[in-house]
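Below: upload.txt (compact mmCIF, C-alpha atoms)
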# COMPACT_ATOMS: atom_id res chain seq x y z
CA MET A 50 -13.37 4.77 -22.18
CA GLN A 51 -9.77 5.91 -22.50
CA ASN A 52 -6.96 3.46 -21.90
CA TRP A 53 -6.16 3.47 -18.18
CA THR A 54 -2.61 4.61 -18.91
CA GLU A 55 -3.97 7.87 -20.34
CA TYR A 56 -5.63 8.59 -17.00
CA ALA A 57 -2.36 7.81 -15.21
CA LYS A 58 -0.59 10.35 -17.39
CA ARG A 59 -3.30 13.01 -17.08
CA ASP A 60 -4.15 12.66 -13.39
CA TYR A 61 -0.86 11.55 -11.82
CA GLY A 62 1.79 12.68 -14.31
CA ILE A 63 2.90 9.07 -14.84
CA GLU A 64 3.88 8.18 -18.39
CA LEU A 65 4.75 4.50 -18.67
CA THR A 66 7.78 3.38 -20.62
CA PRO A 67 7.24 0.53 -23.11
CA LYS A 68 8.84 -1.87 -20.59
CA GLN A 69 6.55 -0.70 -17.79
CA ALA A 70 3.46 -0.99 -20.02
CA GLU A 71 4.51 -4.55 -20.87
CA GLN A 72 4.98 -5.38 -17.17
CA PHE A 73 1.48 -4.14 -16.38
CA ASP A 74 0.08 -6.26 -19.22
CA ILE A 75 1.88 -9.34 -17.87
CA PHE A 76 0.69 -8.58 -14.33
CA LEU A 77 -2.88 -8.28 -15.62
CA ASN A 78 -2.68 -11.66 -17.35
CA GLU A 79 -1.20 -13.31 -14.27
CA LEU A 80 -3.97 -11.89 -12.06
CA LEU A 81 -6.64 -13.10 -14.47
CA GLU A 82 -5.10 -16.58 -14.71
CA TRP A 83 -4.54 -17.08 -10.99
CA ASN A 84 -7.97 -15.69 -10.15
CA GLN A 85 -9.47 -18.65 -12.00
CA LYS A 86 -7.80 -20.99 -9.50
CA PHE A 87 -7.63 -18.95 -6.29
CA ASN A 88 -9.64 -16.13 -4.79
CA LEU A 89 -6.88 -13.55 -5.12
CA THR A 90 -9.13 -10.54 -5.65
CA ALA A 91 -12.85 -9.87 -5.95
CA ILE A 92 -12.20 -7.88 -9.15
CA ARG A 93 -11.92 -10.40 -11.99
CA ASP A 94 -12.31 -8.46 -15.26
CA SER A 95 -9.54 -6.71 -17.18
CA GLU A 96 -10.99 -3.22 -17.05
CA GLY A 97 -11.81 -3.51 -13.36
CA ILE A 98 -8.25 -4.61 -12.57
CA GLN A 99 -6.75 -1.80 -14.64
CA ILE A 100 -8.89 0.91 -13.01
CA LYS A 101 -9.56 -0.35 -9.47
CA HIS A 102 -6.17 -2.00 -8.93
CA PHE A 103 -3.55 -0.46 -11.23
CA LEU A 104 -4.80 3.13 -11.48
CA ASP A 105 -5.90 3.13 -7.85
CA SER A 106 -2.44 1.94 -6.81
CA LEU A 107 -0.72 4.68 -8.79
CA SER A 108 -2.95 7.30 -7.15
CA VAL A 109 -0.63 6.97 -4.13
CA VAL A 110 1.80 9.32 -5.89
CA LYS A 111 -0.62 12.17 -5.13
CA ALA A 112 0.62 11.93 -1.54
CA PHE A 113 4.29 12.42 -2.43
CA PRO A 114 6.11 15.76 -2.10
CA GLU A 115 7.13 17.18 -5.47
CA GLY A 116 10.20 15.45 -6.85
CA TRP A 117 10.19 12.81 -4.11
CA ALA A 118 10.54 9.11 -4.92
CA PRO A 119 10.43 6.29 -2.35
CA ARG A 120 13.57 4.20 -1.89
CA ASN A 121 12.26 1.59 0.56
CA ILE A 122 8.58 0.62 0.38
CA ILE A 123 6.59 -1.77 2.56
CA ASP A 124 3.04 -2.85 1.74
CA ILE A 125 1.15 -4.42 4.65
CA GLY A 126 -1.66 -6.88 3.87
CA THR A 127 -0.79 -6.63 0.20
CA GLY A 128 -3.08 -9.43 -1.01
CA ALA A 129 -2.20 -9.90 -4.67
CA GLY A 130 0.60 -7.32 -4.48
CA ILE A 131 -1.61 -4.24 -4.61
CA PRO A 132 -0.55 -1.42 -4.39
CA GLY A 133 3.08 -2.46 -3.91
CA ILE A 134 3.82 -4.14 -7.24
CA PRO A 135 2.34 -1.35 -9.44
CA LEU A 136 4.45 1.18 -7.51
CA LYS A 137 7.55 -0.99 -7.85
CA ILE A 138 6.98 -1.07 -11.62
CA ILE A 139 7.07 2.73 -11.83
CA TYR A 140 9.89 3.05 -9.26
CA PRO A 141 12.15 0.19 -10.42
CA ASP A 142 15.10 1.34 -8.29
CA SER A 143 13.11 1.08 -5.04
CA ARG A 144 13.28 -1.85 -2.63
CA LEU A 145 9.88 -3.40 -1.95
CA THR A 146 8.68 -5.59 0.91
CA LEU A 147 5.27 -7.23 0.55
CA VAL A 148 3.69 -8.57 3.75
CA GLU A 149 0.82 -11.03 3.31
CA SER A 150 -0.10 -13.63 5.95
CA ILE A 151 -2.29 -15.73 3.59
CA LYS A 152 0.20 -18.14 2.06
CA LYS A 153 -1.43 -18.62 -1.36
CA LYS A 154 -1.49 -14.85 -1.89
CA ALA A 155 2.12 -14.57 -0.74
CA ARG A 156 3.06 -17.28 -3.26
CA PHE A 157 1.35 -15.31 -6.01
CA CYS A 158 3.32 -12.20 -5.05
CA GLU A 159 6.58 -14.15 -5.30
CA HIS A 160 5.52 -15.56 -8.66
CA ALA A 161 4.44 -12.16 -9.98
CA ALA A 162 7.67 -10.42 -8.94
CA ALA A 163 9.74 -13.13 -10.63
CA THR A 164 7.59 -13.19 -13.78
CA LEU A 165 7.78 -9.40 -14.10
CA GLY A 166 11.56 -9.42 -13.62
CA LEU A 167 11.39 -7.19 -10.55
CA SER A 168 14.54 -7.09 -8.42
CA ASP A 169 14.82 -6.20 -4.72
CA VAL A 170 11.37 -7.57 -3.84
CA THR A 171 10.91 -9.47 -0.56
CA VAL A 172 7.70 -11.32 0.29
CA SER A 173 6.92 -12.12 3.93
CA SER A 174 4.08 -14.12 5.50
CA ALA A 175 4.74 -12.67 8.97
CA ARG A 176 1.98 -10.81 10.76
CA ALA A 177 2.10 -7.01 10.71
CA GLU A 178 2.70 -6.81 14.47
CA GLU A 179 5.69 -9.18 14.22
CA THR A 180 7.10 -7.22 11.29
CA GLY A 181 6.87 -3.94 13.21
CA GLN A 182 8.91 -5.37 16.09
CA ASP A 183 11.50 -7.02 13.84
CA PRO A 184 14.80 -5.06 13.80
CA ALA A 185 15.17 -6.01 10.12
CA HIS A 186 12.07 -3.90 9.33
CA ARG A 187 11.41 -1.50 12.22
CA GLU A 188 11.83 2.18 11.27
CA LEU A 189 13.58 1.16 8.04
CA TYR A 190 11.15 2.37 5.36
CA ASP A 191 10.47 5.78 3.89
CA LEU A 192 7.02 4.67 2.64
CA ALA A 193 4.54 2.29 4.28
CA LEU A 194 1.28 1.42 2.51
CA ALA A 195 -1.97 -0.37 3.25
CA ARG A 196 -5.26 -0.68 1.44
CA ALA A 197 -8.51 -2.04 2.92
CA VAL A 198 -6.66 -4.01 5.61
CA ALA A 199 -8.17 -2.79 8.90
CA LYS A 200 -9.77 0.18 10.63
CA MET A 201 -7.43 3.15 10.74
CA PRO A 202 -6.45 3.15 14.46
CA THR A 203 -5.27 -0.45 13.97
CA LEU A 204 -3.52 0.36 10.69
CA VAL A 205 -1.67 3.25 12.29
CA GLU A 206 -0.22 0.83 14.86
CA TYR A 207 0.81 -1.54 12.07
CA LEU A 208 2.41 1.07 9.81
CA LEU A 209 4.04 3.91 11.73
CA PRO A 210 6.53 1.64 13.59
CA LEU A 211 7.89 0.56 10.19
CA VAL A 212 8.66 4.07 8.92
CA LYS A 213 11.80 6.06 9.63
CA VAL A 214 11.50 9.61 10.96
CA GLY A 215 10.68 11.84 7.99
CA GLY A 216 9.00 8.97 6.13
CA LEU A 217 5.39 8.67 5.00
CA VAL A 218 2.46 6.37 5.71
CA VAL A 219 -0.25 6.29 3.03
CA MET A 220 -3.52 4.50 3.78
CA GLN A 221 -6.04 4.01 0.97
CA LYS A 222 -9.52 4.39 2.39
CA SER A 223 -13.16 4.75 1.34
CA ALA A 224 -15.81 7.29 2.38
CA SER A 225 -15.10 6.64 6.07
CA ALA A 226 -11.59 8.15 5.78
CA PRO A 227 -12.30 11.55 7.43
CA SER A 228 -14.11 10.02 10.42
CA GLU A 229 -11.52 7.24 10.77
CA ALA A 230 -8.72 9.81 10.73
CA GLU A 231 -10.47 11.76 13.47
CA SER A 232 -10.79 8.63 15.64
CA SER A 233 -7.09 7.85 15.05
CA ARG A 234 -5.61 11.09 16.37
CA ASN A 235 -4.43 9.53 19.63
CA ALA A 236 -2.93 6.47 17.93
CA ILE A 237 -1.12 8.67 15.39
CA ARG A 238 0.36 10.80 18.19
CA LEU A 239 1.42 7.81 20.30
CA MET A 240 3.15 6.14 17.31
CA GLY A 241 5.17 9.27 16.53
CA GLY A 242 3.14 10.45 13.55
CA LYS A 243 1.34 13.54 12.32
CA LEU A 244 -1.69 13.70 10.06
CA GLU A 245 -0.40 15.39 6.92
CA ALA A 246 -3.36 15.28 4.51
CA ILE A 247 -6.58 13.56 3.45
CA ILE A 248 -6.55 13.56 -0.35
CA PRO A 249 -9.63 12.65 -2.42
CA VAL A 250 -9.12 10.24 -5.31
CA LYS A 251 -11.46 9.98 -8.30
CA LEU A 252 -11.25 6.96 -10.57
CA PRO A 253 -12.92 6.96 -14.02
CA ASP A 254 -16.44 5.50 -13.99
CA VAL A 255 -16.19 4.68 -10.27
CA ASP A 256 -18.69 6.40 -8.00
CA ASP A 257 -17.24 5.25 -4.66
CA GLU A 258 -15.51 7.88 -2.55
CA ARG A 259 -11.81 7.15 -2.17
CA TYR A 260 -9.14 8.93 -0.16
CA LEU A 261 -5.45 8.82 0.63
CA VAL A 262 -4.79 9.42 4.32
CA VAL A 263 -1.20 10.63 4.61
CA LEU A 264 0.85 10.59 7.82
CA GLU A 265 4.37 11.88 8.37
CA LYS A 266 6.62 10.19 10.92
CA VAL A 267 7.91 13.01 13.15
CA LYS A 268 9.50 11.06 16.04
CA PRO A 269 10.48 7.46 16.84
CA THR A 270 7.76 5.01 17.82
CA PRO A 271 7.94 3.86 21.47
CA ALA A 272 9.27 0.30 21.84
CA ASP A 273 5.92 -0.94 23.21
CA PHE A 274 4.31 -0.57 19.77
CA PRO A 275 3.07 -2.42 17.86
CA ARG A 276 1.58 -4.59 20.58
CA ARG A 277 1.55 -8.38 20.24
CA VAL A 278 -0.36 -10.15 17.46
CA GLY A 279 -4.11 -9.57 17.57
CA ILE A 280 -4.15 -6.80 20.18
CA PRO A 281 -4.17 -3.78 17.81
CA ALA A 282 -7.32 -5.16 16.12
CA LYS A 283 -9.05 -6.27 19.32
CA SER A 284 -8.18 -3.20 21.38
CA PRO A 285 -7.43 -0.30 19.00
CA ILE A 286 -6.08 2.90 20.50
CA LEU A 287 -8.95 5.38 20.30
CA ASN A 288 -9.29 9.01 21.29
Write the structure described by the file as structure tokens, please.
Amino acid sequence: MQNWTEYAKRDYGIELTPKQAEQFDIFLNELLEWNQKFNLTAIRDSEGIQIKHFLDSLSVVKAFPEGWAPRNIIDIGTGAGIPGIPLKIIYPDSRLTLVESIKKKARFCEHAAATLGLSDVTVSSARAEETGQDPAHRELYDLALARAVAKMPTLVEYLLPLVKVGGLVVMQKSASAPSEAESSRNAIRLMGGKLEAIIPVKLPDVDDERYLVVLEKVKPTPADFPRRVGIPAKSPILN
């Protein structure tokens, strides 16, 4: 199989600099080492991490308008820093906030950012609902991300309050993406968003269906949202 960076160049137009390639190599080694001690990620082999974490993270660029680059990124439920850290590597001038409530994973994110020499990275262990109501984060970001965190109506309530008007939400989803997007129409509308696109993603030698569900923030989110911790998951806003 080709080196994963060749797929990034061919499929996403991303050509890594030598420094960026080195940062991805370091990140890979740190993931492998920490995975031996902690359950950071279910994917534990080098090729799996490169394809299903690194390349999958970079697929998010398919959602961006031509020539657009995010300045302020927030990644909710980031786990081991995926997809936020790979995107920070290719957009080094961006500011990145990683939100992860599991402390050992948050510690890894802090360690990884420092080891990779990434500046303007903040790691928070707050819950998504608290973050969305925090004036230091609310409607601040031009890109909010989440991957495999929750069902889409819940994710919409987590993410859209964080994005400024004109910004984007990108949710990485599996085969259920079209049906989840349909069931999220009311939540998207209430949070001030608009469904922009559902983009299929194909990874090399991976049969699973993958999609990017892209929302645009078209008006401010009402102050009532997100609701208090636990409510968006227990009582999602459905159609």
Name all residues at most 7 Å from stretch 185-197 of chain A (count only C-alpha atoms; drop same-chain ones fewer than 6 positions away) and give them as a list in words.
Pro119, Arg120, Asn121, Ile122, Ile123, Asp124, Ile125, Gly126, Leu208, Pro210, Leu211, Val212, Lys213, Gly216, Leu217, Val218, Val219, Met220, Gln221 and Lys222 of chain A
Could you pull the residues within 7 Å of A:Leu244, counting all atoms listed in the file, minus those fewer than 4 positions along the same chain, as a PyMOL selection string?
chain A and resi 263-265
Using all atoms listed in the file, which of the listed residues (A:Arg276, A:Lys101, A:Arg93, A:Arg259) sits closest to A:Ser223?
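Ranked by minimum distance to A:Ser223, first place goes to A:Arg259.
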Counting only C-alpha atoms, which of A:Leu77, A:Leu107, A:Glu71, A:Pro285 gets nearest to A:Asp94?
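Comparing A:Leu77, A:Leu107, A:Glu71, A:Pro285 against A:Asp94, the winner is A:Leu77.
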For A:Lys137, list every protein, DNA or RNA residue within 9 Å, evaluated using only C-alpha atoms, and leave out those in the same chain fewer than 5 positions away; present the list as a PyMOL selection string.
chain A and resi 122+132+142-145+167+170
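Among A:Val148, A:Ala177, A:Val172, A:Val262, the residue with the shortest atom-to-atom distance to A:Arg277, counting only C-alpha atoms, is A:Ala177.
Minimum atom-to-atom distances from A:Thr54, A:Ala155, A:Gly279, A:Thr270 to A:Glu179 were compared using all atoms listed in the file, and the lowest value belongs to A:Gly279.
Among the candidates A:Asp105, A:Asp74, A:Glu82, A:Glu206, the one nearest to A:Pro281 when counting only C-alpha atoms is A:Glu206.
Comparing the minimum interatomic distances between A:Phe113 and each of A:Glu245, A:Ala236, A:Ala129, A:Thr90, counting all atoms listed in the file, we find that A:Glu245 sits nearest.
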What separates atom CA of A:Gln69 and atom CA of A:Ile134 is a distance of 11.4 Å
